[in-house]
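Visitor: First the structure, then my questions, so here it is.
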Amino acid sequence: MSENDGKKTLGVRGGARPGNVKQSFSHGRTKNVVVETKRKRVVVPKPGAAKPGGGRPGQAGGDPSKRPAGISDAEMERRMRALQAAKAREAEEAEKRAAEEKAREEERQRRREEAEAKERAEREREAALKAKAEEDARKKKEAEEAAKRAAAEAAQPKKEAAAPARNLKAAPAPAAPERKKEREERGRKGRDDNRRSGKLTVNQALTGGEGGRQKSMAAMKRKQERARQKAMGAPVEREKVVRDVQVPEAIVVSELANRMAERVADVVKSLMKMGMMVTQNQTIDADTAELIIEEFGHNIQRVSDSDVEDVIQQIDDSDEDLKSRPPVVTIMGHVDHGKTSLLDAIRNAKVVSGEAGGITQHIGAYQVKTDNGAVLSFLDTPGHAAFTSMRSRGAQVTDIVVLVVAADDSVMPQTIEAINHAKAAGVPMIVAINKIDRPAADPQKVRAELLQHEVIVEDMSGDVQDVEVSAITGQGLDELLDAIALQAEILELKANPDRAAEGAVIEAQLDVGRGPVATVLVQKGTLKQGDIFVVGEQYGRVRALVDDKGARVQTAGPSVPVEVLGLNGTPEAGDVLNVVETEAQAREIAEYRHNAAKEKRAAAGAAATLEQLMQKAKDDENVQELPILVKADVQGSAEAIVQAMEKIGNDEVRVRVLHYGVGAITETDVGLAEASGAPIMGFNVRANASARNTANQKGVEIRYYSVIYDLVDDVKAAASGLLSAEIRENFIGYAQIKEVFKVTGVGKVAGCLVTEGVARRSAGVRLLRDNVVIHEGTLKTLKRFKDEVKEVLSGQECGMAFENYDDIRPDDVIEIFEREEIERKLD
């Protein structure tokens with residue numbers, strides 16, 4: 001074996017050394033790379049090879065013996081050049097820093113000079129103010145001394161001779177120690193400014209200006225006032241201002257501090273001292289606010305939310321301002337007694353033809369000028385039973401009621417209702433006996449029936465005027481107008497036209513082209529275009545006024561009916577319109593009324609006790625409801641329909657109006673109807689295109705009506721369909737059990753004799769024992785001999801077996817009857 005077996009050969013390694021290096025990349029990838037390393041050869045000079053300073057004069061790098069080992073001449077030269085370049089750059093930077101320092105010093109000097117000039121000017125101004133104050137004090141003192149001297153001259157004239165000389169010394173110059181102290185403070189302040197002048201503060205950096213944030217004009221005035229007070233020797237503290245603070249039922253802490261002109265932090269601190277841990281955004285009650293206000297030394301004024309309505313001025317008009325106004329005449333009576341036709345004859349215009357079905361369904365307002373030049377304002381009310389609220393409204397705003405009674409029909413239910421409305425309103429009445437031209441007319445019968453309701457006409461020694469008229473022939477129209485004029489003259493109707501307008505909403509509707517429109521009867525003042533008004537829960541500005549003939553007018557005085565455009569929403573019929581000064585006041589009043597009405601509705605809903613709610617739920621278990629949605633053209637019609645719907649029903653069925661409103665049928669109405677499974681009743685309105693498409697897709701029924709009779713009848717018929725049918729029993733026969741048999745597979749079978757009527761297999765039966773019903777059911781079998789039969793006549797024998805019942809005995813009586821279902825209808 002060789003000596004080198006199993007061992008590597010020893011030797012000097014030179015040249016390249018190969019090796020492997022693992023490189024890592026993103027996403028976890030790696031790569032092996034072969035790397036060769038070479039060892040750098042280091043040349044070490046031999047001792048004594050070169051002498052110090054033995055190099056050539058021109059050789060770069062100086063003495064080679066002083067160089068680091070292994071540095072060549074070229075490398076040394078490069079290092080020297082880099083060193084020289086660094087020294088040159090350092091010199092340039094030093095020059096640049098010196099220039100910047102010089103510029104900063106100049107800037108500091110400029111600012112220092114500006115500050116000194118400003119301070120010098122402030123000192124001069126303060127010195128001038130102080131000198132002026134001292135001069136004023138000196139003059140005041142001289143005046144006082146002169147007054148004393150003049151008072152004392154009578155007793156001691158000689159002692160007062162030197163008083164002016166002494167008074168001249170009353171204003172000494174500032175003492176030397178004070179001036180020295182002032183100079184020292186100024187110098188110290190200047191040194192501080194010099195030390196800080198080169199530093200950039202946060203305030204300067206944020207504002208970008210030299211002096212920081214600018215003070216407000218109010219702060220400058222307060223500073224000048226403090227300086228003046230200080231110069232005059234008065235205390236710097238300002239006098240406490242006592243304020244009258246208005247506090248509602250609840251107020252926010254920050255708002256309370258604002259009304260007192262106190263810091264919010266001080267108010268919060270006072271509340272915390274009282275044990276109330278509140279923040280500036282929390283609300284406190286009026287009692288707590290009163291304690292805080294008294295603590296800060298102010299006066300409290302309690303106000304209520306309803307005080308916003310105080311801007312509506314209730315003016316008591318003086319007699320000098322009152323002027324005559326036209327009377328407001330309301331025509332009332334039973335349906336189809338000729339009210340609108342009578343007004344049509346007076347106006348010489350076809351009004352009744354414009355109403356569907358020939359009946360008035362809205363309150364109409366018109367002005368008529370008679371042949372004598374008198375102006376009359378007429379209100380035409382509907383006569384149908386559903387329009388009770390409309391007639392009530394007409395009676396409340398009227399001066400005279402014309403009660404129209406048909407001579408051939410006499411007094412009817414709505415006639416009696418109109419009489420009651422007129423009596424409740426306390427207005428005089430004129431009876432117009434219409435249709436006098438008909439053969440069946442009997443005016444005397446009308447007068448006699450009116451006596452039953454305490455309406456005594458003049459022909460029967462009463463004080464109520466009555467006129468026989470005919471709307472067809474025109475008979476008695478002039479006499480009716482004369483009677484109205486006479487009654488108006490007796491009333492001496494007057495109003496002040498030169499004041500803010502006030503009126504009543506007769507009717508309201510949502511017009512597609514014009515928006516919310518209200519028919520207003522002006523009662524006081526003059527309503528002008530551009531007036532800002534509030535009406536009920538709505539407000540607005542008069543955009544346009546339209547009279548009863550459809551013409552635009554600029555103003556409307558007392559007793560003039562006009563349509564008002566410019567509301568932000570549809571008001572309720574019967575609301576009062578008031579003109580206010582600003583739109584902010586109108587908005588505030590409308591919001592207060594809206595919130596009050598909402599709270600009232602919520603309180604009414606929450607007023608019921610738990611027992612009442614449970615009793616109502618129990619009562620409603622057996623009551624079926626017919627839900628409907630109502631959309632009408634005007635507010636009065638919608639109200640009348642809702643009132644009519646509430647009267648439909650009984651203990652088993654009722655109609656529930658889910659929603660009613662004014663205007664066209666929209667997609668929102670269709671969505672509500674779909675969710676509740678209710679039909680939509682449109683009264684003189686139609687659905688828009690999108691609502692029609694949605695209704696067709698979702699299967700919502702929309703029904704249109706133009707006469708209130710038809711709507712009420714259809715809803716009543718639909719509600720009648722919810723009534724359970726009435727079950728009526730008809731007795732058809734009796735049978736007596738003679739014997740009882742047991743039959744295998746059937747059970748007990750009764751051998752019977754039909755004593756009366758007929759026995760049918762399909763009929764119901766009752767088993768009577770001693771005239772007491774002990775079982776009611778149906779027959780399982782009915783046999784005549786061995787055959788199964790449908791019926792057995794009287795006097796014949798048969799076999800009967802009951803379904804699921806075997807307790808039968810001889811001499812029991814079987815009662816045979818049939819049930820009949822009868823459909824019920826609402827009255």
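Numbering starts fresh at 1 for the residues of each chain in the structure tokens, the chains themselves are lettered A, B, ... in the order given, and ligands are numbered from 1 as they appear.
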Could you give me, as a list of chain:residue names, the residues within 12 Å of Glu454 in chain A, counting only C-alpha atoms and dropping anything in the same chain fewer than 2 positions from it?

Guide: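 With the cut-off at 12 Å, the set is A:Ile416, A:Ile419, A:Asn420, A:Lys423, A:Met429, A:Arg447, A:Ala448, A:Glu449, A:Leu450, A:Leu451, A:Gln452, A:Ile456, A:Val457, A:Met460, A:Gly462, A:Asp463, A:Val464.
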
Visitor: So which residues touch Tyr705 in chain A within 8 Å, counting only C-alpha atoms, skipping near sequence neighbours fewer than 3 positions away, as a PyMOL selection string?

Guide: chain A and resi 681-684+708+710-711

Visitor: Among the residues of range 500-530 of chain A, find those DSSP assigns to strand (DSSP E or B) from the backbone and print them as a ChimeraX atom specification.

Guide: /A:502-511,515-524,527-528

Visitor: Once DSSP has gone over the backbone, tell me which residues of range 310-552 of chain A are in helix (DSSP H, G or I), as a PyMOL selection string.

Guide: chain A and resi 310-311+339-347+352-354+356-358+385-396+413-425+443-451+458-460+477-491

Visitor: Considering only C-alpha atoms, state which residue in the set A:Ile532, A:Val579, A:Ala602, A:Val560 is at the smallest distance from Ala500 in chain A.

Guide: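 Checking each of A:Ile532, A:Val579, A:Ala602, A:Val560 against Ala500 in chain A, counting only C-alpha atoms, the winner is A:Val579.
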
Visitor: Could you name the residues that touch Ile816 in chain A at 7 Å or less, counting only C-alpha atoms, but leaving out those on the same chain fewer than 2 positions away, as an MDAnalysis selection string?

Guide: chainID A and resid 731:734 759 763:766 814

Visitor: Limited to all heavy atoms, could you put the picked residues into a file as an mmCIF file, in the first residue's frame?

Guide:
```
data_model
loop_
_atom_site.group_PDB
_atom_site.id
_atom_site.type_symbol
_atom_site.label_atom_id
_atom_site.label_comp_id
_atom_site.auth_asym_id
_atom_site.auth_seq_id
_atom_site.Cartn_x
_atom_site.Cartn_y
_atom_site.Cartn_z
ATOM 1 N N PHE A 731 -137.484 23.101 9.410
ATOM 2 C CA PHE A 731 -137.890 21.768 9.873
ATOM 3 C C PHE A 731 -138.758 21.112 8.802
ATOM 4 O O PHE A 731 -139.758 21.698 8.354
ATOM 5 C CB PHE A 731 -138.649 21.886 11.192
ATOM 6 C CG PHE A 731 -137.798 22.420 12.308
ATOM 7 C CD1 PHE A 731 -137.871 23.746 12.679
ATOM 8 C CD2 PHE A 731 -136.905 21.585 12.962
ATOM 9 C CE1 PHE A 731 -137.083 24.243 13.692
ATOM 10 C CE2 PHE A 731 -136.119 22.079 13.978
ATOM 11 C CZ PHE A 731 -136.200 23.408 14.351
ATOM 12 N N ILE A 732 -138.370 19.878 8.428
ATOM 13 C CA ILE A 732 -139.079 19.212 7.321
ATOM 14 C C ILE A 732 -139.831 17.965 7.795
ATOM 15 O O ILE A 732 -140.612 17.385 7.021
ATOM 16 C CB ILE A 732 -138.111 18.835 6.191
ATOM 17 C CG1 ILE A 732 -137.021 17.900 6.703
ATOM 18 C CG2 ILE A 732 -137.519 20.078 5.566
ATOM 19 C CD1 ILE A 732 -136.117 17.382 5.602
ATOM 20 N N GLY A 733 -139.598 17.497 9.034
ATOM 21 C CA GLY A 733 -140.358 16.317 9.456
ATOM 22 C C GLY A 733 -139.979 15.844 10.840
ATOM 23 O O GLY A 733 -138.955 16.261 11.405
ATOM 24 N N TYR A 734 -140.832 14.949 11.384
ATOM 25 C CA TYR A 734 -140.606 14.300 12.677
ATOM 26 C C TYR A 734 -140.840 12.799 12.511
ATOM 27 O O TYR A 734 -141.703 12.383 11.741
ATOM 28 C CB TYR A 734 -141.541 14.860 13.750
ATOM 29 C CG TYR A 734 -141.196 16.257 14.193
ATOM 30 C CD1 TYR A 734 -141.792 17.363 13.583
ATOM 31 C CD2 TYR A 734 -140.295 16.466 15.239
ATOM 32 C CE1 TYR A 734 -141.473 18.650 13.991
ATOM 33 C CE2 TYR A 734 -139.977 17.744 15.646
ATOM 34 C CZ TYR A 734 -140.567 18.843 15.025
ATOM 35 O OH TYR A 734 -140.254 20.115 15.432
ATOM 36 N N ALA A 759 -138.779 12.490 5.814
ATOM 37 C CA ALA A 759 -137.433 12.209 6.317
ATOM 38 C C ALA A 759 -136.506 12.047 5.128
ATOM 39 O O ALA A 759 -136.772 11.196 4.252
ATOM 40 C CB ALA A 759 -137.436 10.946 7.177
ATOM 41 N N ALA A 763 -130.534 15.258 5.187
ATOM 42 C CA ALA A 763 -130.896 16.312 6.140
ATOM 43 C C ALA A 763 -130.211 16.056 7.474
ATOM 44 O O ALA A 763 -129.702 14.971 7.775
ATOM 45 C CB ALA A 763 -132.394 16.371 6.314
ATOM 46 N N GLY A 764 -130.181 17.135 8.310
ATOM 47 C CA GLY A 764 -129.680 16.997 9.654
ATOM 48 C C GLY A 764 -130.755 16.476 10.589
ATOM 49 O O GLY A 764 -131.956 16.671 10.344
ATOM 50 N N VAL A 765 -130.367 15.791 11.672
ATOM 51 C CA VAL A 765 -131.336 15.195 12.597
ATOM 52 C C VAL A 765 -130.926 15.500 14.027
ATOM 53 O O VAL A 765 -129.748 15.719 14.339
ATOM 54 C CB VAL A 765 -131.413 13.665 12.399
ATOM 55 C CG1 VAL A 765 -132.048 13.321 11.064
ATOM 56 C CG2 VAL A 765 -130.050 13.013 12.537
ATOM 57 N N ARG A 766 -131.945 15.573 14.896
ATOM 58 C CA ARG A 766 -131.720 15.713 16.331
ATOM 59 C C ARG A 766 -132.529 14.635 17.027
ATOM 60 O O ARG A 766 -133.658 14.332 16.636
ATOM 61 C CB ARG A 766 -132.148 17.092 16.838
ATOM 62 C CG ARG A 766 -131.303 18.241 16.371
ATOM 63 C CD ARG A 766 -131.662 19.515 17.135
ATOM 64 N NE ARG A 766 -130.957 20.672 16.601
ATOM 65 C CZ ARG A 766 -131.450 21.506 15.698
ATOM 66 N NH1 ARG A 766 -132.673 21.299 15.225
ATOM 67 N NH2 ARG A 766 -130.742 22.517 15.277
ATOM 68 N N ILE A 814 -137.286 11.817 16.650
ATOM 69 C CA ILE A 814 -136.222 12.306 15.763
ATOM 70 C C ILE A 814 -136.745 13.527 15.022
ATOM 71 O O ILE A 814 -137.788 13.456 14.346
ATOM 72 C CB ILE A 814 -135.783 11.205 14.777
ATOM 73 C CG1 ILE A 814 -135.215 10.012 15.543
ATOM 74 C CG2 ILE A 814 -134.745 11.763 13.802
ATOM 75 C CD1 ILE A 814 -134.882 8.831 14.669
#
```

Visitor: Enumerate, in order of chain and increasing residue number, the residues of range 683-779 of chain A with an atom no farther than 12 Å from range 634-653 of chain A, each with its shortest atom pair and distance in Å to one decimal, counting only C-alpha atoms, as a Markdown table.

Guide:
```
| residue | atom | partner | partner_atom | distance |
| --- | --- | --- | --- | --- |
| A:Phe683 | CA | A:Ser637 | CA | 8.1 |
| A:Asn684 | CA | A:Val634 | CA | 8.9 |
| A:Val685 | CA | A:Val634 | CA | 9.6 |
| A:Tyr705 | CA | A:Ile641 | CA | 11.4 |
| A:Ser706 | CA | A:Ser637 | CA | 10.7 |
| A:Val707 | CA | A:Ser637 | CA | 10.5 |
| A:Ile708 | CA | A:Ile641 | CA | 7.5 |
| A:Tyr709 | CA | A:Ile641 | CA | 10.0 |
| A:Asp710 | CA | A:Ile641 | CA | 11.3 |
| A:Leu711 | CA | A:Ile641 | CA | 8.4 |
| A:Val712 | CA | A:Ala644 | CA | 7.1 |
| A:Asp713 | CA | A:Ile648 | CA | 9.8 |
| A:Asp714 | CA | A:Met645 | CA | 11.0 |
| A:Val715 | CA | A:Met645 | CA | 7.9 |
| A:Lys716 | CA | A:Ile648 | CA | 6.5 |
| A:Ala717 | CA | A:Ile648 | CA | 10.1 |
| A:Ala718 | CA | A:Val653 | CA | 10.4 |
| A:Ala719 | CA | A:Val653 | CA | 6.7 |
| A:Ser720 | CA | A:Val653 | CA | 7.8 |
| A:Gly721 | CA | A:Val653 | CA | 9.4 |
| A:Leu722 | CA | A:Val653 | CA | 6.7 |
| A:Leu723 | CA | A:Val653 | CA | 6.5 |
| A:Ser724 | CA | A:Glu652 | CA | 8.5 |
| A:Ala725 | CA | A:Glu652 | CA | 11.6 |
```

Visitor: Quick one: of A:Leu768, A:Leu545, A:Val446, A:Ile71, who's nearest to Asn434 in chain A, counting only C-alpha atoms?

Guide: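 The answer is A:Val446, which sits nearest to Asn434 in chain A.
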
Visitor: Rank nothing, just name the residue among A:Asp399, A:Asp482, A:Glu537, A:Glu820 nearest to Val467 in chain A, using only C-alpha atoms.

Guide: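 That would be A:Asp482, the residue with the smallest distance to Val467 in chain A.
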
Visitor: Could you pull the residues within 7 Å of Ile628 in chain A, counting only C-alpha atoms, minus those fewer than 5 positions along the same chain, as a ChimeraX atom specification?

Guide: /A:656-658,678-680

Visitor: Keeping only N, CA, C and O atoms, write those residues as a tab-separated table (two decimals), in the first residue's frame.

Guide:
```tsv
chain	number	residue	atom	x	y	z
A	656	ARG	N	-111.57	50.02	6.95
A	656	ARG	CA	-110.42	50.72	7.52
A	656	ARG	C	-109.70	51.48	6.41
A	656	ARG	O	-109.21	50.88	5.45
A	657	VAL	N	-109.64	52.80	6.54
A	657	VAL	CA	-108.93	53.63	5.57
A	657	VAL	C	-107.47	53.68	6.00
A	657	VAL	O	-107.10	54.32	6.97
A	658	LEU	N	-106.61	52.97	5.25
A	658	LEU	CA	-105.19	52.93	5.60
A	658	LEU	C	-104.52	54.27	5.37
A	658	LEU	O	-103.67	54.71	6.14
A	678	ALA	N	-104.96	46.01	-0.21
A	678	ALA	CA	-106.12	46.90	-0.25
A	678	ALA	C	-106.30	47.46	-1.65
A	678	ALA	O	-105.33	47.70	-2.36
A	679	PRO	N	-107.55	47.69	-2.06
A	679	PRO	CA	-107.78	48.40	-3.32
A	679	PRO	C	-107.60	49.90	-3.15
A	679	PRO	O	-107.66	50.42	-2.03
A	680	ILE	N	-107.38	50.59	-4.25
A	680	ILE	CA	-107.20	52.05	-4.23
A	680	ILE	C	-108.45	52.68	-4.82
A	680	ILE	O	-108.85	52.34	-5.95
```

Visitor: Please compute the CA of Lys738 in chain A-CA of Leu779 in chain A distance, one decimal, in Å.

Guide: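 About the pair CA of Lys738 in chain A and CA of Leu779 in chain A: they are 17.2 Å apart.
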
Visitor: Just want the 12 Å neighbourhood of Arg784 in chain A, counted on only C-alpha atoms, with same-chain residues fewer than 4 positions away dropped. Output as a list of chain:residue names.

Guide: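 My list of contacting residues is A:Ala750, A:Gly751, A:Cys752, A:Leu753, A:Val754, A:Ala759, A:Arg760, A:Arg761, A:Glu788, A:Val789, A:Lys790, A:Glu791, A:Val792, A:Leu793, A:Gln796, A:Glu797, A:Cys798, A:Gly799, A:Met800.
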
Visitor: Using N, CA, C and O atoms, can you export the residues from the last selection as a PDB file, in the first residue's frame?

Guide:
```
ATOM      1  N   ALA A 750    -132.875   2.089  14.489  1.00  0.00           N
ATOM      2  CA  ALA A 750    -134.170   2.449  15.054  1.00  0.00           C
ATOM      3  C   ALA A 750    -135.254   2.191  14.028  1.00  0.00           C
ATOM      4  O   ALA A 750    -135.182   2.675  12.893  1.00  0.00           O
ATOM      5  N   GLY A 751    -136.261   1.437  14.444  1.00  0.00           N
ATOM      6  CA  GLY A 751    -137.429   1.276  13.617  1.00  0.00           C
ATOM      7  C   GLY A 751    -138.388   2.408  13.891  1.00  0.00           C
ATOM      8  O   GLY A 751    -138.900   2.538  14.997  1.00  0.00           O
ATOM      9  N   CYS A 752    -138.613   3.295  12.896  1.00  0.00           N
ATOM     10  CA  CYS A 752    -139.310   4.569  13.119  1.00  0.00           C
ATOM     11  C   CYS A 752    -140.568   4.647  12.268  1.00  0.00           C
ATOM     12  O   CYS A 752    -140.695   3.992  11.229  1.00  0.00           O
ATOM     13  N   LEU A 753    -141.448   5.527  12.725  1.00  0.00           N
ATOM     14  CA  LEU A 753    -142.644   5.890  11.987  1.00  0.00           C
ATOM     15  C   LEU A 753    -142.579   7.393  11.758  1.00  0.00           C
ATOM     16  O   LEU A 753    -142.487   8.181  12.715  1.00  0.00           O
ATOM     17  N   VAL A 754    -142.586   7.818  10.493  1.00  0.00           N
ATOM     18  CA  VAL A 754    -142.563   9.242  10.156  1.00  0.00           C
ATOM     19  C   VAL A 754    -143.934   9.807  10.468  1.00  0.00           C
ATOM     20  O   VAL A 754    -144.933   9.453   9.810  1.00  0.00           O
ATOM     21  N   ALA A 759    -138.779  12.490   5.814  1.00  0.00           N
ATOM     22  CA  ALA A 759    -137.433  12.209   6.317  1.00  0.00           C
ATOM     23  C   ALA A 759    -136.506  12.047   5.128  1.00  0.00           C
ATOM     24  O   ALA A 759    -136.772  11.196   4.252  1.00  0.00           O
ATOM     25  N   ARG A 760    -135.405  12.880   5.104  1.00  0.00           N
ATOM     26  CA  ARG A 760    -134.443  12.820   4.007  1.00  0.00           C
ATOM     27  C   ARG A 760    -133.094  12.395   4.562  1.00  0.00           C
ATOM     28  O   ARG A 760    -132.696  12.790   5.659  1.00  0.00           O
ATOM     29  N   ARG A 761    -132.378  11.621   3.760  1.00  0.00           N
ATOM     30  CA  ARG A 761    -131.092  11.117   4.212  1.00  0.00           C
ATOM     31  C   ARG A 761    -130.054  12.223   4.313  1.00  0.00           C
ATOM     32  O   ARG A 761    -129.183  12.202   5.169  1.00  0.00           O
ATOM     33  N   GLU A 788    -132.131   0.885   0.559  1.00  0.00           N
ATOM     34  CA  GLU A 788    -131.635   2.219   0.964  1.00  0.00           C
ATOM     35  C   GLU A 788    -132.385   3.253   0.131  1.00  0.00           C
ATOM     36  O   GLU A 788    -132.407   3.169  -1.107  1.00  0.00           O
ATOM     37  N   VAL A 789    -133.043   4.201   0.777  1.00  0.00           N
ATOM     38  CA  VAL A 789    -133.847   5.207   0.067  1.00  0.00           C
ATOM     39  C   VAL A 789    -133.347   6.605   0.426  1.00  0.00           C
ATOM     40  O   VAL A 789    -132.630   6.810   1.413  1.00  0.00           O
ATOM     41  N   LYS A 790    -133.737   7.578  -0.386  1.00  0.00           N
ATOM     42  CA  LYS A 790    -133.341   8.962  -0.158  1.00  0.00           C
ATOM     43  C   LYS A 790    -134.286   9.669   0.795  1.00  0.00           C
ATOM     44  O   LYS A 790    -133.859  10.538   1.572  1.00  0.00           O
ATOM     45  N   GLU A 791    -135.574   9.344   0.725  1.00  0.00           N
ATOM     46  CA  GLU A 791    -136.533  10.000   1.608  1.00  0.00           C
ATOM     47  C   GLU A 791    -137.704   9.074   1.876  1.00  0.00           C
ATOM     48  O   GLU A 791    -138.003   8.166   1.098  1.00  0.00           O
ATOM     49  N   VAL A 792    -138.382   9.326   3.021  1.00  0.00           N
ATOM     50  CA  VAL A 792    -139.561   8.552   3.420  1.00  0.00           C
ATOM     51  C   VAL A 792    -140.645   9.541   3.784  1.00  0.00           C
ATOM     52  O   VAL A 792    -140.404  10.500   4.543  1.00  0.00           O
ATOM     53  N   LEU A 793    -141.815   9.334   3.229  1.00  0.00           N
ATOM     54  CA  LEU A 793    -142.908  10.281   3.433  1.00  0.00           C
ATOM     55  C   LEU A 793    -143.614  10.014   4.754  1.00  0.00           C
ATOM     56  O   LEU A 793    -143.403   8.998   5.422  1.00  0.00           O
ATOM     57  N   GLN A 796    -145.237   6.554   6.852  1.00  0.00           N
ATOM     58  CA  GLN A 796    -144.536   5.340   6.461  1.00  0.00           C
ATOM     59  C   GLN A 796    -143.492   4.986   7.515  1.00  0.00           C
ATOM     60  O   GLN A 796    -143.017   5.832   8.268  1.00  0.00           O
ATOM     61  N   GLU A 797    -143.183   3.651   7.542  1.00  0.00           N
ATOM     62  CA  GLU A 797    -142.172   3.197   8.466  1.00  0.00           C
ATOM     63  C   GLU A 797    -140.835   3.081   7.747  1.00  0.00           C
ATOM     64  O   GLU A 797    -140.764   2.840   6.552  1.00  0.00           O
ATOM     65  N   CYS A 798    -139.754   3.242   8.573  1.00  0.00           N
ATOM     66  CA  CYS A 798    -138.411   3.182   7.987  1.00  0.00           C
ATOM     67  C   CYS A 798    -137.420   2.824   9.079  1.00  0.00           C
ATOM     68  O   CYS A 798    -137.755   2.824  10.280  1.00  0.00           O
ATOM     69  N   GLY A 799    -136.219   2.497   8.672  1.00  0.00           N
ATOM     70  CA  GLY A 799    -135.142   2.228   9.615  1.00  0.00           C
ATOM     71  C   GLY A 799    -134.075   3.305   9.528  1.00  0.00           C
ATOM     72  O   GLY A 799    -133.653   3.671   8.432  1.00  0.00           O
ATOM     73  N   MET A 800    -133.662   3.806  10.704  1.00  0.00           N
ATOM     74  CA  MET A 800    -132.650   4.869  10.746  1.00  0.00           C
ATOM     75  C   MET A 800    -131.515   4.465  11.677  1.00  0.00           C
ATOM     76  O   MET A 800    -131.755   3.871  12.730  1.00  0.00           O
TER      77      MET A 800
END
```

Visitor: Looking at A:Arg104, A:Glu225, A:Leu376, A:Glu144, which one is nearest to Leu129 in chain A, with distances taken over only C-alpha atoms?

Guide: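 Smallest separation from Leu129 in chain A among the options: A:Glu225.
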
Visitor: Using only C-alpha atoms, can you tell me which of A:Arg654, A:Arg243, A:Pro497, A:Met276 comes closest to Gln624 in chain A?

Guide: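 Smallest distance to Gln624 in chain A is found for A:Arg654.
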
Visitor: Calculate how many Å separate CA of Gly566 in chain A from CA of Arg543 in chain A, rounding to one decimal.

Guide: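 According to the coordinates, CA of Gly566 in chain A and CA of Arg543 in chain A are separated by 4.8 Å.
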